[in-house]
Amino acid sequence: MRGEGRAANADLVRETTGYAIGGVPPFGHRTKTRVLADRGLLAHQEVWAAAGTPHTVFAMSPKTLVAHSGATVADVREQTA
């Protein structure tokens, strides 16, 4: 997969998702995109996600977000010492 193992640059993000960094929603991407959801999200009743622009967000339950985005649940957040 292109970009695997490193942060994607702004051009790659827009090319792949159709959205600018800061506004990339978890679904509705231009191309089939692998989506990861941190396992810790499931501990919350509601989470907020970008909705296509850096100034627009929406709320939904984590389980619904994972289902709609087709996300793989994994431990992706940075671990503290």
# chains A, B, ... in the order shown; residues from 1 in each chain; ligands from 1
>>> residues_around(residues="Glu46 (chain A)", least_positions_apart="5", cutoff="9 Å", atoms="only C-alpha atoms", output="PyMOL selection string")
chain A and resi 41+59-62
>>> write_last_selection(atoms="all heavy atoms", output="compact mmCIF listing (two decimals), in the first residue's frame")
# COMPACT_ATOMS: atom_id res chain seq x y z
N LEU A 41 -11.75 4.20 21.12
CA LEU A 41 -12.98 4.91 20.74
C LEU A 41 -14.22 4.20 21.26
O LEU A 41 -15.22 4.83 21.58
CB LEU A 41 -13.08 5.04 19.22
CG LEU A 41 -12.10 5.96 18.53
CD1 LEU A 41 -12.29 5.88 17.03
CD2 LEU A 41 -12.25 7.39 19.02
N ALA A 59 -21.30 13.99 14.89
CA ALA A 59 -21.20 13.06 16.01
C ALA A 59 -21.97 11.78 15.68
O ALA A 59 -22.98 11.82 14.99
CB ALA A 59 -21.78 13.69 17.27
N MET A 60 -21.47 10.67 16.21
CA MET A 60 -22.20 9.40 16.14
C MET A 60 -21.58 8.43 17.14
O MET A 60 -20.52 8.71 17.69
CB MET A 60 -22.25 8.81 14.73
CG MET A 60 -20.96 8.35 14.14
SD MET A 60 -21.05 7.54 12.48
CE MET A 60 -22.54 8.08 11.74
N SER A 61 -22.25 7.32 17.35
CA SER A 61 -21.69 6.33 18.27
C SER A 61 -20.49 5.67 17.62
O SER A 61 -20.44 5.52 16.39
CB SER A 61 -22.74 5.27 18.63
OG SER A 61 -22.88 4.34 17.57
N PRO A 62 -19.49 5.29 18.41
CA PRO A 62 -18.31 4.65 17.84
C PRO A 62 -18.63 3.38 17.05
O PRO A 62 -18.06 3.15 15.98
CB PRO A 62 -17.43 4.33 19.04
CG PRO A 62 -17.92 5.21 20.12
CD PRO A 62 -19.36 5.47 19.85
>>> select_by_dssp(residues="chain A", states="strand (DSSP E or B)", output="list in words")
Leu36, Ala37, Asp38, Val47, Trp48, Ala49, Ala50, Val57, Phe58, Ala59, Met60, Thr72, Val73 and Ala74 of chain A
>>> residues_around(residues="region 21-30 of chain A", least_positions_apart="5", cutoff="6 Å", atoms="only C-alpha atoms", output="count of residues only")
6
>>> select_by_dssp(residues="chain A", states="alpha helix (DSSP H)", output="VMD selection string")
chain A and resid 10 to 17 62 to 69
>>> atom_distance(atom1="CA of Thr31 (chain A)", atom2="CA of Tyr19 (chain A)")
11.2 Å
>>> residues_around(residues="Arg77 (chain A)", least_positions_apart="6", cutoff="12 Å", atoms="only C-alpha atoms", output="list in words")
Leu36, Ala37, Asp38, Arg39, Gly40 and Leu41 of chain A
>>> closest_residue(among="A:Val35, A:Val13, A:Ala49, A:Ala8", to="Thr72 (chain A)", atoms="only C-alpha atoms")
A:Val35
